[in-house]
Amino acid sequence: MSKGTLKEIAEKIEEGTRLSKADAVTLINSDDLIYIGQLANKVKEKKTGNYAYFNVNRHINLTNICVSRCKFCAFSRDKNDNDAYTMTVDEVLVAARSARHFGITELHIVSGLHPDLPFDYYLGVISRLREAMPDVHIKAFTAVEIAYLAKISNFSIKDVLIQLKNAGLGSLPGGGAEILNHRIREAVCPKKASSEEWLEVMRTAHNLGLKSNATMLYGHMETLEERIDHLLRLRGLQDETGGFQTFIPLPFHPQNTQLPYFKKPAAFENLKMLAVSRLVLDNFPHIKAFWIMQGLKVAQLSLLFGVDDLDGTVVEEKITHSAGADTDQSIYREELLELIYATGRVPVERDTVYNVIRIYDQEKKGVLIET
Ligand code: V47
C-alpha cells in the first residue's frame, strides 16, 4: 500500500470529507496500523475529547434454547439437550436484583430464539423488571429476536416494539447483525432474520424513539470487502434515522462452534478493525471495544485507536465464554478505572444512552463530577 493513498485519505479525514468505499477498502487492506490508529484517534478526540466511557451493567441470557443454531454460536442448545435452560420470570428478577449492590444502571438481555415461549413471557420479563427496578435501563432483544417475536406473535415488528416499549424496554442491543450480507448469512445463519429484516427492525425501533447499538461479527467466512459493505449499510441507515449510538465489532471466537477451523482474530487485526470502523462510521457517535471479546489488553490499547467505550461490568457472560473466551466474566468498576487511567484518558461512567453519571479525576483518582 503506498503511503500516498493513505495520505489522500488522511486529507479527506482532516477536511471532514466522507470516506468512499474505495477509501475504506484501502484502509482495511493496509498494514499501517499505527498510522490508521492515529487517524482514528484524531476523529475520536474530535467527537468525545479525552473521555473513555464505561457503564455498570449486568448481562442476562433468558434461555440458551434456540431454533436458529447459527454455525458461529457455541451458546445455543436444542430443547432436549442436558444443559438447555430457560429462566422463569422470578429467576430473572433474582439475577437482576443480585447485581444491585454493584450499582448497575443497565440490564443487557439477549437470548436464544425459543420454540415455545409465548410473546407474553417476554412482555412479563420486561414489565416485572421495570416494576422491581424502575431506575435501571433495560436494553434487551437483538433485532433478530424482535423479528422472531413478530413471527411467533403475529404482531408486526412495530407492534412488538411498541408493546415492549410500553412494558419498559429502553433500547436495543446491537447483536444479531453478524455480517449484513446474503451469502454469509446463508452459509452461517440461514434460519434467522435476513440483513434486510435486521435493518428494518432497527429502522422501526429508531422511528419509535428507541436507540440501539450495532455489531459486526468478523473473522469467519467474510472477505474484508464484505466487512466494509457491512459498515456502509449501517452508515446508510444511520444517515436516515440517527438512532445508532455505538458500533461494536466482535471478533469471532471459534471454540465449540461449527466453524472450529477459523482462527480467532488477534490484536493487530482487532485494533485495525476498531480504527477503520471509527473512520468509516463518521455518523456514529461512539465505537465500543467490548472488553470481554477483545481481551483487557487490546481493549485498553484501543482507547488510543479510535475507541471511546469499553462496555461494562457485565457480571456474567455466557455467549463468548461458551466459545472459549479467556477473559473473566465480570470486572469491577475500580479495575475499569485503573485500565483507563493508565492510558491518560478520563474515565466517564455513563448510562445506556450516554448520559454522564460520573466523571473521574486523573490526578486524584476519584470522582470529579457527579450528575
Ligand atoms: O449477536 C455469537 C455474537 C453477539 C459468537 O449492544 C459471537 O451494547 C464472537 O451483541 N464469537 C452478542 N461473537 C453480543 C452482543 C453485544 C455484546 C456487548 C454489548 C452489546 C451492545 C452487544 O455475539 C451475537 C453474535 O453476533 N457472537 N457467537 C462467537 N462465537
# chains A, B, ... in the order shown; residues from 1 in each chain; ligands from 1
call {"tool": "select_by_dssp", "arguments": {"residues": "segment 146-239 of chain A", "states": "strand (DSSP E or B)", "output": "ChimeraX atom specification"}}
result
/A:171-172,211-218
call {"tool": "residues_around", "arguments": {"residues": "Val298 of chain A", "least_positions_apart": "6", "cutoff": "9 Å", "atoms": "only C-alpha atoms", "output": "number ranges by chain"}}
result
A: 267-268, 270-271, 289, 291
call {"tool": "residues_near_ligand", "arguments": {"ligand": "ligand 1", "cutoff": "8 Å", "atoms": "only C-alpha atoms and all ligand atoms", "output": "number ranges by chain"}}
result
A: 72-75, 108, 110, 139, 142, 172-178, 212-218, 246, 248, 250-255, 257, 290, 293, 311, 319-320, 322-324
call {"tool": "residues_around", "arguments": {"residues": "segment 11-20 of chain A", "least_positions_apart": "4", "cutoff": "10 Å", "atoms": "only C-alpha atoms", "output": "PDB file with N, CA, C and O atoms, in the first residue's frame"}}
result
ATOM      1  N   THR A   5      -1.557   6.990  -0.998  1.00  0.00           N
ATOM      2  CA  THR A   5      -3.002   6.767  -0.941  1.00  0.00           C
ATOM      3  C   THR A   5      -3.521   7.021   0.469  1.00  0.00           C
ATOM      4  O   THR A   5      -4.558   7.653   0.659  1.00  0.00           O
ATOM      5  N   LEU A   6      -2.784   6.534   1.460  1.00  0.00           N
ATOM      6  CA  LEU A   6      -3.212   6.766   2.850  1.00  0.00           C
ATOM      7  C   LEU A   6      -3.193   8.261   3.173  1.00  0.00           C
ATOM      8  O   LEU A   6      -4.053   8.751   3.899  1.00  0.00           O
ATOM      9  N   LYS A   7      -2.217   8.965   2.604  1.00  0.00           N
ATOM     10  CA  LYS A   7      -2.126  10.417   2.828  1.00  0.00           C
ATOM     11  C   LYS A   7      -3.364  11.117   2.281  1.00  0.00           C
ATOM     12  O   LYS A   7      -3.919  12.025   2.902  1.00  0.00           O
ATOM     13  N   ALA A  24     -12.281   3.032   2.190  1.00  0.00           N
ATOM     14  CA  ALA A  24     -12.437   2.105   3.312  1.00  0.00           C
ATOM     15  C   ALA A  24     -11.734   0.781   3.006  1.00  0.00           C
ATOM     16  O   ALA A  24     -11.073   0.205   3.884  1.00  0.00           O
ATOM     17  N   VAL A  25     -11.843   0.332   1.756  1.00  0.00           N
ATOM     18  CA  VAL A  25     -11.181  -0.922   1.367  1.00  0.00           C
ATOM     19  C   VAL A  25      -9.662  -0.744   1.434  1.00  0.00           C
ATOM     20  O   VAL A  25      -8.934  -1.628   1.885  1.00  0.00           O
ATOM     21  N   THR A  26      -9.192   0.417   1.010  1.00  0.00           N
ATOM     22  CA  THR A  26      -7.753   0.707   1.109  1.00  0.00           C
ATOM     23  C   THR A  26      -7.303   0.628   2.567  1.00  0.00           C
ATOM     24  O   THR A  26      -6.283   0.015   2.885  1.00  0.00           O
ATOM     25  N   LEU A  39      -5.023   8.290  12.855  1.00  0.00           N
ATOM     26  CA  LEU A  39      -6.150   8.979  12.191  1.00  0.00           C
ATOM     27  C   LEU A  39      -7.437   8.757  12.989  1.00  0.00           C
ATOM     28  O   LEU A  39      -8.204   9.690  13.242  1.00  0.00           O
ATOM     29  N   ALA A  40      -7.643   7.512  13.385  1.00  0.00           N
ATOM     30  CA  ALA A  40      -8.868   7.188  14.137  1.00  0.00           C
ATOM     31  C   ALA A  40      -8.878   7.906  15.486  1.00  0.00           C
ATOM     32  O   ALA A  40      -9.925   8.372  15.952  1.00  0.00           O
ATOM     33  N   LYS A  42      -7.558  10.773  16.160  1.00  0.00           N
ATOM     34  CA  LYS A  42      -7.904  12.186  15.943  1.00  0.00           C
ATOM     35  C   LYS A  42      -9.416  12.352  15.845  1.00  0.00           C
ATOM     36  O   LYS A  42     -10.001  13.272  16.416  1.00  0.00           O
ATOM     37  N   VAL A  43     -10.041  11.450  15.069  1.00  0.00           N
ATOM     38  CA  VAL A  43     -11.502  11.524  14.910  1.00  0.00           C
ATOM     39  C   VAL A  43     -12.175  11.299  16.263  1.00  0.00           C
ATOM     40  O   VAL A  43     -13.107  12.020  16.640  1.00  0.00           O
ATOM     41  N   LEU A 232     -20.904   0.110   5.594  1.00  0.00           N
ATOM     42  CA  LEU A 232     -21.588   1.112   4.761  1.00  0.00           C
ATOM     43  C   LEU A 232     -23.108   0.989   4.856  1.00  0.00           C
ATOM     44  O   LEU A 232     -23.827   1.995   4.802  1.00  0.00           O
ATOM     45  N   LEU A 279     -13.200   5.373  11.476  1.00  0.00           N
ATOM     46  CA  LEU A 279     -13.015   6.267  10.332  1.00  0.00           C
ATOM     47  C   LEU A 279     -14.174   6.186   9.339  1.00  0.00           C
ATOM     48  O   LEU A 279     -14.578   7.198   8.764  1.00  0.00           O
ATOM     49  N   VAL A 280     -14.710   5.000   9.148  1.00  0.00           N
ATOM     50  CA  VAL A 280     -15.775   4.837   8.135  1.00  0.00           C
ATOM     51  C   VAL A 280     -17.127   5.294   8.688  1.00  0.00           C
ATOM     52  O   VAL A 280     -17.914   5.939   7.989  1.00  0.00           O
ATOM     53  N   LEU A 281     -17.376   4.970   9.946  1.00  0.00           N
ATOM     54  CA  LEU A 281     -18.697   5.299  10.529  1.00  0.00           C
ATOM     55  C   LEU A 281     -18.671   6.720  11.098  1.00  0.00           C
ATOM     56  O   LEU A 281     -18.780   6.934  12.311  1.00  0.00           O
ATOM     57  N   ASP A 282     -18.560   7.675  10.193  1.00  0.00           N
ATOM     58  CA  ASP A 282     -18.423   9.070  10.619  1.00  0.00           C
ATOM     59  C   ASP A 282     -19.672   9.600  11.317  1.00  0.00           C
ATOM     60  O   ASP A 282     -19.625  10.601  12.018  1.00  0.00           O
ATOM     61  N   ASN A 283     -20.802   8.915  11.122  1.00  0.00           N
ATOM     62  CA  ASN A 283     -22.047   9.391  11.749  1.00  0.00           C
ATOM     63  C   ASN A 283     -22.418   8.598  13.009  1.00  0.00           C
ATOM     64  O   ASN A 283     -23.503   8.773  13.549  1.00  0.00           O
TER      65      ASN A 283
END
call {"tool": "closest_atom_pairs", "arguments": {"of": "segment 14-72 of chain A", "to": "segment 112-134 of chain A", "cutoff": "7 Å", "atoms": "only C-alpha atoms", "output": "CSV"}}
result
residue,atom,partner,partner_atom,distance
A:Thr63,CA,A:Gly112,CA,5.7
A:Asn64,CA,A:Gly112,CA,5.1
A:Ile65,CA,A:Gly112,CA,5.4
A:Cys66,CA,A:Leu113,CA,4.4
A:Val67,CA,A:Leu113,CA,5.7
A:Ser68,CA,A:Leu113,CA,6.7
call {"tool": "write_last_selection", "arguments": {"atoms": "all heavy atoms", "output": "PDB file, in the first residue's frame"}}
result
ATOM      1  N   THR A  63     -32.635 -17.660  27.939  1.00  0.00           N
ATOM      2  CA  THR A  63     -32.626 -19.077  27.556  1.00  0.00           C
ATOM      3  C   THR A  63     -31.516 -19.320  26.551  1.00  0.00           C
ATOM      4  O   THR A  63     -31.155 -18.404  25.794  1.00  0.00           O
ATOM      5  CB  THR A  63     -33.989 -19.491  26.930  1.00  0.00           C
ATOM      6  OG1 THR A  63     -33.923 -20.877  26.539  1.00  0.00           O
ATOM      7  CG2 THR A  63     -34.344 -18.661  25.706  1.00  0.00           C
ATOM      8  N   ASN A  64     -30.973 -20.554  26.569  1.00  0.00           N
ATOM      9  CA  ASN A  64     -29.993 -20.887  25.523  1.00  0.00           C
ATOM     10  C   ASN A  64     -30.627 -21.784  24.455  1.00  0.00           C
ATOM     11  O   ASN A  64     -29.951 -22.235  23.535  1.00  0.00           O
ATOM     12  CB  ASN A  64     -28.731 -21.539  26.116  1.00  0.00           C
ATOM     13  CG  ASN A  64     -29.026 -22.852  26.839  1.00  0.00           C
ATOM     14  OD1 ASN A  64     -30.181 -23.240  27.011  1.00  0.00           O
ATOM     15  ND2 ASN A  64     -27.968 -23.525  27.272  1.00  0.00           N
ATOM     16  N   ILE A  65     -31.921 -22.055  24.606  1.00  0.00           N
ATOM     17  CA  ILE A  65     -32.605 -22.887  23.608  1.00  0.00           C
ATOM     18  C   ILE A  65     -32.903 -22.011  22.391  1.00  0.00           C
ATOM     19  O   ILE A  65     -33.459 -20.918  22.524  1.00  0.00           O
ATOM     20  CB  ILE A  65     -33.908 -23.479  24.193  1.00  0.00           C
ATOM     21  CG1 ILE A  65     -33.551 -24.358  25.407  1.00  0.00           C
ATOM     22  CG2 ILE A  65     -34.667 -24.275  23.139  1.00  0.00           C
ATOM     23  CD1 ILE A  65     -34.744 -24.873  26.166  1.00  0.00           C
ATOM     24  N   CYS A  66     -32.509 -22.515  21.215  1.00  0.00           N
ATOM     25  CA  CYS A  66     -32.592 -21.649  20.045  1.00  0.00           C
ATOM     26  C   CYS A  66     -32.875 -22.471  18.803  1.00  0.00           C
ATOM     27  O   CYS A  66     -32.214 -23.485  18.555  1.00  0.00           O
ATOM     28  CB  CYS A  66     -31.268 -20.900  19.886  1.00  0.00           C
ATOM     29  SG  CYS A  66     -31.324 -19.653  18.589  1.00  0.00           S
ATOM     30  N   VAL A  67     -33.861 -22.021  18.037  1.00  0.00           N
ATOM     31  CA  VAL A  67     -34.208 -22.749  16.799  1.00  0.00           C
ATOM     32  C   VAL A  67     -33.265 -22.388  15.650  1.00  0.00           C
ATOM     33  O   VAL A  67     -33.293 -23.028  14.605  1.00  0.00           O
ATOM     34  CB  VAL A  67     -35.673 -22.474  16.358  1.00  0.00           C
ATOM     35  CG1 VAL A  67     -36.654 -23.013  17.398  1.00  0.00           C
ATOM     36  CG2 VAL A  67     -35.914 -20.985  16.119  1.00  0.00           C
ATOM     37  N   SER A  68     -32.435 -21.403  15.851  1.00  0.00           N
ATOM     38  CA  SER A  68     -31.611 -20.919  14.733  1.00  0.00           C
ATOM     39  C   SER A  68     -30.306 -21.706  14.582  1.00  0.00           C
ATOM     40  O   SER A  68     -29.886 -22.013  13.473  1.00  0.00           O
ATOM     41  CB  SER A  68     -31.328 -19.430  14.954  1.00  0.00           C
ATOM     42  OG  SER A  68     -30.671 -18.900  13.865  1.00  0.00           O
TER      43      SER A  68
END
call {"tool": "atom_distance", "arguments": {"atom1": "atom CA of Ala147 of chain A", "atom2": "atom CA of Leu210 of chain A"}}
result
15.5 Å
call {"tool": "closest_residue", "arguments": {"among": "A:Leu274, A:Leu336, A:Leu368, A:Val201", "to": "Leu149 of chain A", "atoms": "only C-alpha atoms"}}
result
A:Val201
call {"tool": "atom_distance", "arguments": {"atom1": "atom CA of Ser195 of chain A", "atom2": "atom CA of Gly242 of chain A"}}
result
18.6 Å
